[in-house]
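S.K.: See my_file06.txt below, with compact mmCIF, C-alpha atoms.
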# COMPACT_ATOMS: atom_id res chain seq x y z
CA MET A 1132 -78.86 -27.13 52.24
CA ASN A 1133 -81.86 -24.86 51.98
CA PHE A 1134 -82.49 -21.40 53.39
CA GLU A 1135 -85.37 -19.95 55.32
CA GLY A 1136 -85.98 -16.53 56.77
CA GLY A 1137 -87.83 -17.55 59.92
CA SER A 1138 -86.34 -17.86 63.36
CA LYS A 1139 -86.88 -21.61 63.66
CA LEU A 1140 -85.76 -24.56 61.65
CA ALA A 1141 -88.57 -25.89 59.46
CA GLY A 1142 -89.63 -29.31 60.56
CA ALA A 1143 -87.67 -29.21 63.80
CA SER A 1144 -89.26 -31.21 66.55
CA GLY A 1145 -88.20 -28.99 69.45
CA SER A 1146 -90.04 -25.97 70.80
CA ARG A 1147 -87.04 -24.34 72.51
CA ASP A 1148 -86.27 -20.82 71.25
CA GLU A 1149 -82.83 -19.42 70.52
CA ALA A 1150 -82.66 -17.41 73.74
CA GLU A 1151 -83.29 -20.48 75.90
CA ALA A 1152 -80.75 -22.49 73.90
CA GLU A 1153 -78.12 -19.77 74.36
CA ARG A 1154 -78.88 -19.63 78.09
CA LEU A 1155 -78.23 -23.35 78.44
CA GLU A 1156 -75.02 -23.11 76.41
CA ARG A 1157 -73.75 -20.25 78.57
CA ALA A 1158 -74.65 -22.10 81.76
CA LEU A 1159 -72.80 -25.20 80.55
CA GLY A 1160 -69.75 -23.13 79.60
CA ASP A 1161 -69.69 -21.48 83.04
CA VAL A 1162 -69.89 -24.85 84.82
CA GLU A 1163 -67.12 -26.33 82.66
CA ARG A 1164 -64.87 -23.34 83.39
CA GLU A 1165 -65.48 -23.75 87.12
CA ILE A 1166 -64.58 -27.44 86.89
CA SER A 1167 -61.34 -26.59 85.10
CA GLN A 1168 -60.44 -23.96 87.69
CA LEU A 1169 -61.06 -26.32 90.61
CA LYS A 1170 -58.98 -29.04 88.96
CA ARG A 1171 -56.09 -26.61 88.47
CA ILE A 1172 -56.32 -25.55 92.12
CA THR A 1173 -56.31 -29.19 93.23
CA ALA A 1174 -53.30 -29.96 91.03
CA ALA A 1175 -51.38 -26.99 92.46
CA ASN A 1176 -52.26 -27.75 96.09
CA ARG A 1177 -52.63 -31.47 96.69
CA GLU A 1178 -53.48 -30.95 100.36
CA LEU A 1179 -56.71 -29.21 99.34
CA ASP A 1180 -59.49 -31.72 98.62
CA LEU A 1181 -62.13 -30.27 96.27
CA THR A 1182 -63.45 -33.62 95.04
CA PRO A 1183 -67.03 -33.12 96.36
CA GLN A 1184 -67.31 -29.71 94.68
CA ILE A 1185 -65.94 -31.05 91.40
CA ALA A 1186 -68.31 -34.02 91.50
CA SER A 1187 -71.28 -31.72 92.11
CA LEU A 1188 -70.31 -29.47 89.19
CA GLU A 1189 -69.75 -32.45 86.89
CA SER A 1190 -73.20 -33.72 87.78
CA ARG A 1191 -74.64 -30.30 86.95
CA ALA A 1192 -72.76 -30.24 83.64
CA GLY A 1193 -74.09 -33.68 82.77
CA SER A 1194 -77.65 -32.54 83.46
CA LEU A 1195 -77.20 -29.50 81.22
CA ARG A 1196 -75.79 -31.64 78.41
CA GLU A 1197 -78.74 -33.99 78.66
CA GLU A 1198 -81.17 -31.07 78.58
CA ILE A 1199 -79.50 -29.65 75.48
CA ALA A 1200 -79.46 -33.05 73.77
CA ARG A 1201 -83.17 -33.66 74.45
CA ASP A 1202 -84.31 -30.63 72.46
CA PRO A 1203 -81.41 -29.13 70.46
CA THR A 1204 -81.55 -26.28 68.00
CA ALA A 1205 -80.20 -26.76 64.48
CA TRP A 1206 -76.72 -25.52 65.38
CA GLN A 1207 -76.66 -27.52 68.60
CA THR A 1208 -77.50 -30.61 66.56
CA VAL A 1209 -74.47 -29.91 64.37
CA GLN A 1210 -72.34 -29.59 67.50
CA LEU A 1211 -73.69 -32.88 68.83
CA ALA A 1212 -72.94 -34.56 65.50
CA ARG A 1213 -69.36 -33.27 65.72
CA ASP A 1214 -68.86 -34.18 69.36
CA PRO A 1215 -65.32 -35.64 69.77
CA ALA A 1216 -66.75 -38.14 72.27
CA ARG A 1217 -69.06 -39.58 69.61
CA PRO A 1218 -68.10 -43.12 68.49
CA LYS A 1219 -65.73 -43.30 65.54
CA VAL A 1220 -65.76 -45.63 62.56
CA MET A 1221 -63.65 -48.34 64.20
CA ASP A 1222 -66.03 -48.37 67.19
CA TYR A 1223 -68.90 -49.13 64.81
CA VAL A 1224 -66.79 -51.73 63.02
CA ALA A 1225 -66.15 -53.44 66.36
CA GLY A 1226 -69.87 -53.39 67.17
CA LEU A 1227 -70.94 -54.56 63.73
CA MET A 1228 -68.25 -56.89 62.39
CA SER A 1229 -65.91 -59.63 63.49
CA GLU A 1230 -62.63 -60.66 61.84
CA PHE A 1231 -62.43 -57.29 60.10
CA ILE A 1232 -59.52 -56.96 57.66
CA GLU A 1233 -58.72 -53.43 56.53
CA LEU A 1234 -57.66 -52.96 52.93
CA HIS A 1235 -55.36 -50.09 51.97
CA GLY A 1236 -54.49 -48.05 48.92
CA ASP A 1237 -56.16 -47.00 45.68
CA ARG A 1238 -53.56 -48.78 43.47
CA ARG A 1239 -52.75 -45.41 41.86
CA PHE A 1240 -51.26 -42.96 44.34
CA ARG A 1241 -51.34 -43.82 48.05
CA ASP A 1242 -53.52 -44.88 50.94
CA ASP A 1243 -55.84 -42.27 52.46
CA PRO A 1244 -56.32 -42.68 56.24
CA ALA A 1245 -59.53 -40.59 56.07
CA ILE A 1246 -61.31 -43.59 54.49
CA VAL A 1247 -61.43 -46.97 56.23
CA ALA A 1248 -62.41 -49.90 54.02
CA GLY A 1249 -62.24 -53.64 54.35
CA LEU A 1250 -63.96 -56.99 54.67
CA GLY A 1251 -65.41 -58.74 57.70
CA LEU A 1252 -68.21 -60.90 59.04
CA VAL A 1253 -71.65 -59.55 59.99
CA ASP A 1254 -73.47 -62.16 62.07
CA GLY A 1255 -71.04 -64.71 60.66
CA ARG A 1256 -71.63 -63.73 57.03
CA PRO A 1257 -69.08 -61.88 54.89
CA ALA A 1258 -69.65 -58.22 53.99
CA ALA A 1259 -67.68 -55.19 52.82
CA LEU A 1260 -67.50 -51.91 54.72
CA ILE A 1261 -66.43 -48.36 53.83
CA GLY A 1262 -66.44 -45.44 56.26
CA HIS A 1263 -65.09 -41.99 56.99
CA ALA A 1264 -62.48 -41.97 59.74
CA LYS A 1265 -62.06 -39.09 62.19
CA GLY A 1266 -59.48 -38.99 64.95
CA ARG A 1267 -59.93 -39.12 68.70
CA ASP A 1268 -57.36 -36.39 69.39
CA THR A 1269 -55.52 -33.65 67.53
CA ARG A 1270 -52.66 -35.90 66.41
CA GLU A 1271 -54.96 -38.55 64.97
CA ASN A 1272 -57.22 -35.93 63.40
CA ILE A 1273 -54.25 -34.44 61.57
CA GLU A 1274 -53.21 -37.92 60.43
CA ARG A 1275 -56.72 -38.62 59.12
CA ASN A 1276 -57.20 -35.07 57.78
CA PHE A 1277 -60.16 -34.58 60.15
CA GLY A 1278 -62.20 -37.15 58.21
CA SER A 1279 -61.99 -35.27 54.88
CA PRO A 1280 -60.89 -37.69 52.15
CA HIS A 1281 -58.54 -36.91 49.28
CA PRO A 1282 -59.14 -38.28 45.75
CA GLU A 1283 -57.18 -41.44 46.56
CA GLY A 1284 -59.58 -42.10 49.42
CA TYR A 1285 -62.58 -42.12 47.09
CA ARG A 1286 -60.71 -44.24 44.56
CA LYS A 1287 -59.94 -46.71 47.34
CA ALA A 1288 -63.64 -46.74 48.22
CA ALA A 1289 -64.53 -47.39 44.56
CA ARG A 1290 -62.06 -50.28 44.51
CA ILE A 1291 -63.74 -51.89 47.52
CA MET A 1292 -67.17 -51.35 45.91
CA ARG A 1293 -66.05 -53.26 42.83
CA LEU A 1294 -64.52 -55.95 45.03
CA ALA A 1295 -67.81 -56.35 46.92
CA GLU A 1296 -69.62 -56.73 43.61
CA LYS A 1297 -67.08 -59.29 42.39
CA LEU A 1298 -67.38 -61.35 45.58
CA ARG A 1299 -71.18 -60.83 45.74
CA LEU A 1300 -70.98 -59.30 49.21
CA PRO A 1301 -73.38 -56.75 50.72
CA LEU A 1302 -71.82 -53.32 51.21
CA ILE A 1303 -72.13 -51.13 54.31
CA THR A 1304 -71.07 -47.47 54.26
CA LEU A 1305 -70.64 -45.30 57.37
CA ILE A 1306 -70.74 -41.53 56.82
CA ASP A 1307 -69.14 -38.99 59.17
CA THR A 1308 -67.41 -36.07 57.42
CA GLN A 1309 -67.74 -32.33 56.95
CA GLY A 1310 -66.83 -32.79 53.31
CA ALA A 1311 -64.06 -33.78 50.94
CA ALA A 1312 -60.59 -32.30 51.30
CA PRO A 1313 -60.68 -28.83 49.69
CA GLY A 1314 -56.93 -28.27 49.35
CA LYS A 1315 -54.92 -27.41 46.25
CA GLU A 1316 -53.24 -30.82 46.12
CA ALA A 1317 -56.60 -32.60 46.22
CA GLU A 1318 -57.87 -30.54 43.31
CA GLU A 1319 -54.68 -31.18 41.34
CA ARG A 1320 -55.20 -34.93 41.75
CA GLY A 1321 -58.79 -34.72 40.51
CA GLN A 1322 -61.06 -34.43 43.53
CA SER A 1323 -64.26 -33.70 41.60
CA GLU A 1324 -63.60 -36.52 39.13
CA ALA A 1325 -62.90 -38.96 41.97
CA ILE A 1326 -66.17 -38.10 43.72
CA ALA A 1327 -68.17 -38.30 40.48
CA SER A 1328 -66.59 -41.64 39.52
CA THR A 1329 -67.27 -43.09 42.98
CA LEU A 1330 -70.89 -41.97 42.76
CA LEU A 1331 -71.22 -43.71 39.40
CA VAL A 1332 -69.62 -46.92 40.67
CA LEU A 1333 -71.86 -46.99 43.75
CA ALA A 1334 -74.98 -46.33 41.66
CA ARG A 1335 -74.14 -49.22 39.34
CA VAL A 1336 -72.71 -51.75 41.78
CA ARG A 1337 -74.61 -55.06 41.69
CA THR A 1338 -74.90 -55.71 45.39
CA PRO A 1339 -77.16 -54.49 48.23
CA VAL A 1340 -75.93 -51.30 49.93
CA VAL A 1341 -76.81 -50.16 53.47
CA THR A 1342 -75.77 -46.58 54.28
CA VAL A 1343 -75.57 -45.24 57.84
CA ILE A 1344 -75.01 -41.55 58.66
CA THR A 1345 -73.28 -41.86 62.02
CA GLY A 1346 -72.46 -38.19 62.63
CA GLU A 1347 -72.11 -35.36 60.15
CA GLY A 1348 -72.80 -35.90 56.47
CA GLY A 1349 -71.58 -32.85 54.62
CA SER A 1350 -71.44 -32.03 50.92
CA GLY A 1351 -70.35 -34.34 48.10
CA GLY A 1352 -67.71 -35.83 50.36
CA ALA A 1353 -70.51 -37.64 52.20
CA LEU A 1354 -72.72 -38.27 49.18
CA ALA A 1355 -69.88 -40.07 47.37
CA ILE A 1356 -70.46 -43.12 49.59
CA GLY A 1357 -74.05 -42.24 50.52
CA ILE A 1358 -76.14 -43.92 47.81
CA GLY A 1359 -77.82 -46.96 49.31
CA ASP A 1360 -80.81 -49.27 49.11
CA VAL A 1361 -81.39 -48.50 52.80
CA VAL A 1362 -80.29 -45.20 54.39
CA LEU A 1363 -80.16 -44.85 58.18
CA MET A 1364 -79.44 -41.79 60.33
CA LEU A 1365 -78.34 -42.18 63.90
CA ASP A 1366 -79.65 -39.93 66.64
CA LYS A 1367 -78.37 -36.34 66.51
CA ALA A 1368 -76.87 -36.81 63.05
CA VAL A 1369 -77.08 -34.25 60.23
CA TYR A 1370 -76.99 -34.49 56.43
CA SER A 1371 -76.55 -31.43 54.21
CA VAL A 1372 -75.22 -30.43 50.80
CA ILE A 1373 -72.72 -28.03 52.38
CA SER A 1374 -71.22 -27.50 55.81
CA PRO A 1375 -72.52 -24.56 57.86
CA GLU A 1376 -69.12 -22.87 57.61
CA GLY A 1377 -69.11 -23.27 53.84
CA CYS A 1378 -72.62 -21.88 53.62
CA ALA A 1379 -71.69 -18.88 55.75
CA ALA A 1380 -68.80 -18.16 53.40
CA ILE A 1381 -71.15 -17.55 50.49
CA PRO A 1382 -71.19 -13.77 49.83
CA ALA A 1383 -74.39 -12.11 50.96
CA ALA A 1384 -74.81 -10.60 47.50
CA HIS A 1385 -75.32 -14.09 46.09
CA ARG A 1386 -78.23 -14.83 48.41
CA SER A 1387 -81.74 -14.12 47.23
CA ARG A 1388 -82.77 -13.17 50.76
CA PRO A 1389 -81.35 -13.43 54.27
CA GLY A 1390 -81.71 -16.90 55.62
CA ARG A 1391 -80.33 -19.59 57.82
CA PRO A 1392 -79.15 -23.09 56.90
CA ARG A 1393 -81.58 -25.94 57.12
CA HIS A 1394 -80.06 -29.36 57.65
CA ARG A 1395 -81.67 -32.67 57.08
CA ARG A 1396 -81.95 -34.04 60.60
CA ARG A 1397 -83.39 -37.24 61.90
CA ASP A 1398 -86.12 -35.15 63.56
CA ASN A 1399 -87.22 -33.19 60.49
CA ARG A 1400 -86.93 -35.87 57.82
CA ARG A 1401 -90.69 -36.10 57.30
CA ALA A 1402 -91.17 -32.36 56.79
CA GLY A 1403 -88.07 -31.95 54.65
CA GLY A 1404 -87.91 -35.25 52.78
CA GLY A 1405 -84.84 -36.60 54.56
CA CYS A 1406 -83.68 -40.14 55.02
CA PRO A 1407 -86.61 -42.58 54.81
CA ALA A 1408 -85.44 -45.06 57.42
CA PRO A 1409 -83.89 -43.40 60.47
CA SER A 1410 -82.54 -45.38 63.38
CA ARG A 1411 -83.82 -44.04 66.68
CA SER A 1412 -81.61 -43.69 69.74
CA CYS A 1413 -78.62 -45.42 68.20
CA GLY A 1414 -76.28 -42.47 68.11
CA GLY A 1415 -74.18 -40.73 70.67
CA GLY A 1416 -73.70 -37.05 71.20
CA ARG A 1417 -72.42 -34.81 73.93
CA GLY A 1418 -73.22 -36.48 77.20
CA ARG A 1419 -74.99 -39.34 75.44
CA GLY A 1420 -72.34 -41.37 73.62
CA GLY A 1421 -71.64 -44.63 75.39
CA ALA A 1422 -70.06 -48.00 74.86
CA THR A 1423 -73.40 -49.50 73.88
CA SER A 1424 -74.07 -47.05 71.03
CA PRO A 1425 -71.85 -48.76 68.41
CA ARG A 1426 -73.28 -52.16 69.32
CA ARG A 1427 -76.86 -50.91 69.03
CA ALA A 1428 -76.07 -49.22 65.73
CA GLY A 1429 -74.40 -52.42 64.57
CA ARG A 1430 -77.45 -54.48 65.41
CA ALA A 1431 -79.71 -52.05 63.56
CA THR A 1432 -77.44 -52.12 60.51
CA ALA A 1433 -77.20 -55.90 60.56
CA GLY A 1434 -80.97 -56.08 60.78
CA ARG A 1435 -81.30 -53.90 57.70
CA ALA A 1436 -78.79 -56.04 55.81
CA SER A 1437 -80.83 -59.11 56.74
CA GLY A 1438 -83.97 -57.31 55.63
CA CYS A 1439 -82.42 -56.87 52.19
CA ALA A 1440 -82.72 -60.61 51.75
CA LEU A 1441 -86.40 -60.57 52.63
CA ARG A 1442 -87.14 -57.76 50.18
CA LYS A 1443 -84.98 -59.28 47.40
CA ILE A 1444 -83.00 -56.22 46.43
CA PRO A 1445 -82.20 -56.39 42.69
CA GLN A 1446 -78.66 -57.42 41.96
CA HIS A 1447 -78.40 -55.20 38.89
CA ARG A 1448 -79.66 -51.70 39.60
CA PRO A 1449 -80.00 -48.91 37.03
CA VAL A 1450 -77.74 -45.89 37.41
CA SER A 1451 -80.57 -43.69 38.69
CA ARG A 1452 -82.00 -46.39 41.02
CA SER A 1453 -85.43 -45.24 39.86
CA GLY A 1454 -86.26 -48.08 37.47
CA SER A 1455 -84.93 -46.49 34.29
CA SER A 1456 -81.44 -46.58 32.88
CA GLY A 1457 -82.00 -43.21 31.23
CA GLY A 1458 -83.24 -42.74 27.71
CA GLY A 1459 -83.42 -46.26 26.35
CA ALA A 1460 -85.42 -49.33 27.25
CA PRO A 1461 -85.36 -50.39 30.92
CA ARG A 1462 -82.51 -52.71 31.74
CA ARG A 1463 -83.33 -56.24 32.77
CA THR A 1464 -83.26 -56.62 36.53
CA ARG A 1465 -81.32 -59.49 38.05
CA TRP A 1466 -82.24 -60.53 41.56
CA CYS A 1467 -80.05 -61.82 44.32
CA THR A 1468 -80.89 -63.04 47.79
CA LEU A 1469 -78.49 -62.71 50.68
CA ARG A 1470 -78.22 -65.99 52.51
CA THR A 1471 -79.30 -64.67 55.87
CA ASP A 1472 -81.42 -66.02 58.65
CA PRO A 1473 -84.45 -63.76 59.27
CA GLN A 1474 -84.46 -64.96 62.87
CA GLY A 1475 -80.84 -64.05 63.46
CA GLY A 1476 -80.68 -60.54 62.04
CA GLY A 1477 -80.06 -57.98 64.74
CA GLY A 1478 -81.77 -54.62 64.96
CA ARG A 1479 -85.37 -53.55 64.78
CA ARG A 1480 -87.03 -53.34 61.40
CA GLN A 1481 -88.99 -50.11 61.03
Would you write the structure of this file as structure tokens?
M.R.:
Amino acid sequence: MNFEGGSKLAGASGSRDEAEAERLERALGDVEREISQLKRITAANRELDLTPQIASLESRAGSLREEIARDPTAWQTVQLARDPARPKVMDYVAGLMSEFIELHGDRRFRDDPAIVAGLGLVDGRPAALIGHAKGRDTRENIERNFGSPHPEGYRKAARIMRLAEKLRLPLITLIDTQGAAPGKEAEERGQSEAIASTLLVLARVRTPVVTVITGEGGSGGALAIGIGDVVLMLDKAVYSVISPEGCAAIPAAHRSRPGRPRHRRRDNRRAGGGCPAPSRSCGGGRGRGGATSPRRAGRATAGRASGCALRKIPQHRPVSRSGSSGGGAPRRTRWCTLRTDPQGGGGRRQ
């Protein structure tokens, strides 16, 4: 995350100022409160029919959500990326894979529900998948630790990466987390070592990797499974080295000058050097997430996996993925070709 002193996010595509954004947020909050009040009145007095008024207010709320989503500010984009109605990892799995088999455990400590990993078929061809898992309600969020993995979650991910390499399967990673679990127990079990080891395994794995940022990609918890040959960002997704809350917690004395966080967004990737291959209009967001979003994202991801075959991604990549193994002579590159049909790959190649 970078800092800037101006009033607008560098590279942002929208022209809406903060005052207008706050006005829309307040208007949406007022409408939602009115809807809640009318529903409580209807529940208390069933003889009173307020359905037309509620329908009118819900239509107004939907219009406000759409207006916010069309031209969001930086913070509104973060809120859209965190929207509870946004599709979760299993929705994308259902839209991308068939015959998915989830694999559990890191073979050292326990299984971490915050990481979903397994094997399945993409357009009838086997592939491995790893993704952050958030819950749909409070109970499930607590069970999955709000999508923040513990060390055993990253060690499970590393195990699946090695398995994909052993079976010569392409690997797909889905990122949606505010960051790794910051608790005392996680640190005692070696959180930083687990993230670093997973990064090293993913950098060295001898198989094509397609990474998709489906919602919020925050800190090293996202980066641990975020190294890929192809990196996609869905609509209204964010990618940053620290969460906004974590950035705000930095003491003001440690800042060189007052500033505001700057996220890598799909809209400002060109100005800020973000992800090179974004996927347009695949994501959800408040008022925008629908049943078709996971399927569209799945088709785009499958298309990228098929494109890996056309570009002949090297099977043996250097650690840095920049053509040098660091220090010594360049390592010999081994090439593999996924057996995919260029005509059958879903998604649009950009």
S.K.: Atom CA of A:Gly1278 and atom CA of A:Gly1236, how far apart in Å?
M.R.: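 Straight-line distance from atom CA of A:Gly1236 to atom CA of A:Gly1278 works out to 16.3 Å.
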S.K.: Could you list, as number ranges by chain, every residue within 9 Å of A:Met1221, counting all atoms listed in the file and ignoring same-chain residues fewer than 6 positions away?
M.R.: A: 1247, 1262, 1264
S.K.: Can you measure atom CA of A:Arg1171 to atom CA of A:Asp1268 for me? One decimal in Å is fine.
M.R.: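 Interatomic distance, atom CA of A:Arg1171 to atom CA of A:Asp1268: 21.5 Å.
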S.K.: Find the distance between atom CA of A:Ser1167 and atom CA of A:Gln1210 and write it in Å to one decimal.
M.R.: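 Between atom CA of A:Ser1167 and atom CA of A:Gln1210 the gap is 21.0 Å.
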S.K.: Using all atoms listed in the file, which residues sit within 8 Å of stretch 1178-1182 of chain A once same-chain residues fewer than 4 positions away are excluded, as a list in words?
M.R.: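 Result of the neighbour search: Leu1169, Thr1173 and Ala1186 of chain A.
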